[in-house]
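*Asks:* Sending over a structure as structure tokens; questions will come in a sec.
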Amino acid sequence: MEATYSLILLTLFLWGLCSQRVAKAELTAPVVFVLLGLVMHEGIGSVNLTPSPQTVKALAEITLTWVLFTDAARLSIPSVQADLRLYARLLAVGLPLCIGLGMLMADVLLPGVSGWAALYVGAALAPTDAALGASMMSNPVVPGRIRRAINVESGLNDGIATPIVVLSLAGIAATEGGGGHGGAGGALVELLIGLAYGGALGLVAGRLLNWALHRGWAAEDFAGAAVLALALLSYTSAIEFGGNGFVAAFVSGLAFGAAYRQGAPQWQLAFAEQSASVLSLLVWLLFGAVVLPEAFHHLSWQVWLYAVVSLTVVRMVPVALALMGSGLDRSTVLFIGWFGPRGLASVIFALLAVEELAPSIARGVVPVVVCTVLLSVLAHGISSTPLAQRYGRYSQGEKQPEQEYEFEDLPVRGLTAKGALPKRVGGPAAPDDK
């Protein structure tokens with residue numbers, strides 16, 4: 001195993017050395033680590049990755065917890081007020097429609113997938129990952145308002161979809177006799193407890209940290225580690241109280257950011273975001289080493305068809321319906337609709353399904369999630385730059401204030417060269433927004 005660990009650590013180090021150069025070739029971090037995972041699955045010499053189920057589950061849970069917390073905490077309420085209606089359309093209308101249409105298409109196209117399983121597929125593939133379109137997100141020719149809309153949607157839709165994924169997994173387990181969740185009713189109670197507990201914990205912790213920093217009780221250099229611990233605490237303690245840890249982490253992040261009124265200062269979140277970035281790369285590694293090879297044995301033409309439909313119709317039609325009457329032109333609506341890559345959240349949901357469901361049940365739903373993510377990584381990676389340039393030329397007449405969107409607001413877990421870290425760490429915090 002030492003050779004395997006050494007190769008993983010060497011790849012992380014090399015990515016840190018040349019990520020900016022590699023990004024110019026449109027070779028993203030997920031692609032690199034998925035390929036590395038495939039290499040490790042095949043085995044080269046003494047290099048072979050065969051993690052235990054407990055390791056896979058722990059990595060998925062910790063990564064999702066940190067991502068949910070930091071994405072929510074970075075939200076700056078004043079920064080989204082100007083376009084609140086646009087974000088509300090995408091999240092309150094577009095996302096539920098996407099889940100519902102995804103569920104319906106799964107019921108129609110996928111043999112043996114219906115009910116709770118169809119709901120799982122629709123919810124697991126609803127969240128988007130703006131980091132997979134990083135070259136578009138950092139391209140100044142695309143109006144800042146549009147990049148911000150895609151980014152805000154990506155940062156919040158995984159947290160909104162998580163309760164539905166958890167509920168559907170509990171429903172599948174109960175229906176198939178897997179047990180362990182107390183059924184969908186028990187899962188719903190856990191979600192409500194997580195909602196209440198996470199909100200209370202995040203609000204209290206945020207105000208305490210804010211108070212301690214302003215009065216010189218807390219060292220700024222350690223505030224990031226404290227936030228990292230708080231994110232995990234919201235997950236573990238919620239479970240101890242009988243709640244859902246993922247919901248608690250997301251709501252706790254929202255409350256933590258709200259305690260600052262302008263969103264949590266980015267320098268406080270930088271350490272947690274960097275930690276989540278490293279773990280996200282390991283998740284992509286496991287995706288290539290564990291999930292992808294197994295899914296290849298269960299791919300059918302129905303799975304491939306659903307993946308294509310999910311990336312197009314299931315995503316773009318709800319977005320178009322949600323943005324009706326918004327004043328956005330057709331090209332902009334199509335652009336936003338297309339740039340809904342399926343990425344990290346969907347991969348983690350697939351890993352959770354592998355670990356929580358019986359193998360015979362997981363084989364019915366996991367391959368379609370895996371196939372859709374794989375196609376998304378390829379399709380959105382290839383189309384990101386050319387479509388951004390084309391749309392940017394179309395919208396050149398649209399003027400956007402420079403401060404409306406800053407590169408440092410890009411999802412840090414993308415680990416791209418541009419905008420991965422705040423410009424200032426420590427000292428007075430610049431206003432943060434997502």
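How things are named: the first chain in the structure tokens is A, the next is B, and so on; residues count from 1 in each chain; ligands count from 1 in the order shown.
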Residues near A:Ala249, anyone? I mean within 10 Å using only C-alpha atoms, not counting same-chain ones fewer than 6 positions away, as number ranges by chain.
*Replies:* A: 64-70, 72-73, 159, 194-195, 197-199, 201-202, 230-236, 238, 255
*Asks:* Which of stretch 62-253 of chain A end up as helix (DSSP H, G or I) when DSSP is run on this backbone - answer as JSON, numbers by chain?
*Replies:* {"A": [62, 63, 64, 65, 66, 67, 68, 69, 70, 71, 72, 73, 77, 78, 79, 80, 81, 84, 85, 86, 87, 88, 89, 90, 91, 92, 93, 94, 95, 96, 97, 98, 99, 100, 101, 102, 103, 104, 105, 106, 107, 108, 109, 116, 117, 118, 119, 120, 121, 122, 123, 124, 130, 131, 132, 133, 134, 135, 136, 137, 144, 145, 146, 147, 148, 149, 150, 151, 152, 153, 154, 155, 156, 157, 158, 159, 160, 161, 162, 163, 164, 165, 166, 167, 168, 169, 170, 171, 172, 173, 174, 175, 183, 184, 185, 186, 187, 188, 189, 190, 191, 192, 193, 194, 195, 196, 197, 198, 199, 200, 201, 202, 203, 204, 205, 206, 207, 208, 209, 210, 211, 212, 213, 214, 220, 221, 222, 223, 224, 225, 226, 227, 228, 229, 230, 231, 232, 233, 234, 235, 236, 237, 238, 239, 240, 245, 246, 247, 248, 249, 250, 251, 252, 253]}
*Asks:* Please report, as CSV, each residue of stretch 57-111 of chain A lying at most 8 Å from stretch 279-292 of chain A, together with the nearest pair of atoms and the separation in Å rounded to one decimal; use only C-alpha atoms, and order rows by chain and ascending residue number.
*Replies:*
```
residue,atom,partner,partner_atom,distance
A:Leu59,CA,A:Val283,CA,7.2
A:Ala60,CA,A:Val283,CA,6.8
A:Thr63,CA,A:Leu279,CA,5.9
```
*Asks:* How would the residues just chosen look if you wrote them out with N, CA and C atoms as a short mmCIF file (atom, residue, chain, number, x, y, z; two decimals), in the first residue's frame?
*Replies:*
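Done, and the output landed in again_38.cif:
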```cif
data_model
loop_
_atom_site.label_atom_id
_atom_site.label_comp_id
_atom_site.auth_asym_id
_atom_site.auth_seq_id
_atom_site.Cartn_x
_atom_site.Cartn_y
_atom_site.Cartn_z
N LEU A 59 -14.76 8.80 3.76
CA LEU A 59 -14.27 9.86 2.87
C LEU A 59 -15.44 10.61 2.23
N ALA A 60 -16.44 9.87 1.77
CA ALA A 60 -17.60 10.51 1.13
C ALA A 60 -18.34 11.39 2.12
N THR A 63 -16.19 14.59 3.10
CA THR A 63 -16.12 15.52 1.98
C THR A 63 -17.43 16.24 1.77
#
```
*Asks:* May I ask which of the residues A:Pro30, A:Gly325, A:Pro127, A:Gly242 is the closest one to A:Ser277, counting only C-alpha atoms?
*Replies:*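 Nearest to A:Ser277: A:Pro30.
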*Asks:* Can you pull out every residue within 9 Å of A:Thr312, counting only C-alpha atoms, but drop anything in the same chain fewer than 5 positions away, and send it as a PyMOL selection string?
*Replies:* chain A and resi 307+317+337-338
*Asks:* With only C-alpha atoms as the basis for distance, which of A:Gly115, A:Phe335, A:Met40, A:Ala345 is at the shortest distance from A:Gly155?
*Replies:* A:Ala345
*Asks:* Looking at only C-alpha atoms, which of A:Glu2, A:Asp329, A:Asp83, A:Glu220 is the one that sits closest to A:Ala149?
*Replies:*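 Smallest distance to A:Ala149 is found for A:Asp83.
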*Asks:* Please list as a VMD selection string every residue within 9 Å of A:Gly224, counting only C-alpha atoms and excluding residues in the same chain fewer than 6 positions away.
*Replies:* chain A and resid 267 to 272
*Asks:* Output N, CA and C atoms of each residue in that selection to a file, as a PDB file, in the first residue's frame.
*Replies:*
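Writing done, so here's out_19.pdb:
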```pdb
ATOM      1  N   TRP A 267     -11.519  34.481   4.566  1.00  0.00           N
ATOM      2  CA  TRP A 267     -10.275  33.979   5.151  1.00  0.00           C
ATOM      3  C   TRP A 267     -10.546  32.962   6.246  1.00  0.00           C
ATOM      4  N   GLN A 268     -11.715  33.045   6.898  1.00  0.00           N
ATOM      5  CA  GLN A 268     -12.058  32.046   7.904  1.00  0.00           C
ATOM      6  C   GLN A 268     -12.395  30.704   7.271  1.00  0.00           C
ATOM      7  N   LEU A 269     -12.913  30.741   6.065  1.00  0.00           N
ATOM      8  CA  LEU A 269     -13.344  29.518   5.398  1.00  0.00           C
ATOM      9  C   LEU A 269     -12.257  28.902   4.528  1.00  0.00           C
ATOM     10  N   ALA A 270     -11.162  29.635   4.300  1.00  0.00           N
ATOM     11  CA  ALA A 270     -10.144  29.177   3.352  1.00  0.00           C
ATOM     12  C   ALA A 270      -9.561  27.824   3.748  1.00  0.00           C
ATOM     13  N   PHE A 271      -9.283  27.647   5.055  1.00  0.00           N
ATOM     14  CA  PHE A 271      -8.678  26.390   5.501  1.00  0.00           C
ATOM     15  C   PHE A 271      -9.631  25.216   5.273  1.00  0.00           C
ATOM     16  N   ALA A 272     -10.912  25.412   5.617  1.00  0.00           N
ATOM     17  CA  ALA A 272     -11.896  24.357   5.411  1.00  0.00           C
ATOM     18  C   ALA A 272     -12.092  24.068   3.928  1.00  0.00           C
TER      19      ALA A 272
END
```
*Asks:* Distance atom CA of A:Ala161-atom CA of A:Met316, one decimal place?
*Replies:*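 Separation between atom CA of A:Ala161 and atom CA of A:Met316: 17.5 Å.
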*Asks:* Let me make sure I understand: among A:Gln81, A:Gln302, A:Ser384, A:Gln54, which one has the smallest atom-to-atom distance to A:Ser135 if we use only C-alpha atoms?
*Replies:*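 Between A:Gln81, A:Gln302, A:Ser384, A:Gln54, the residue approaching A:Ser135 most closely is A:Ser384.
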*Asks:* As an exercise, work out the distance from atom CA of A:Leu101 to atom CA of A:Gly186 in Å and give it to one decimal place.
*Replies:*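 Atom CA of A:Leu101 sits 25.9 Å away from atom CA of A:Gly186.
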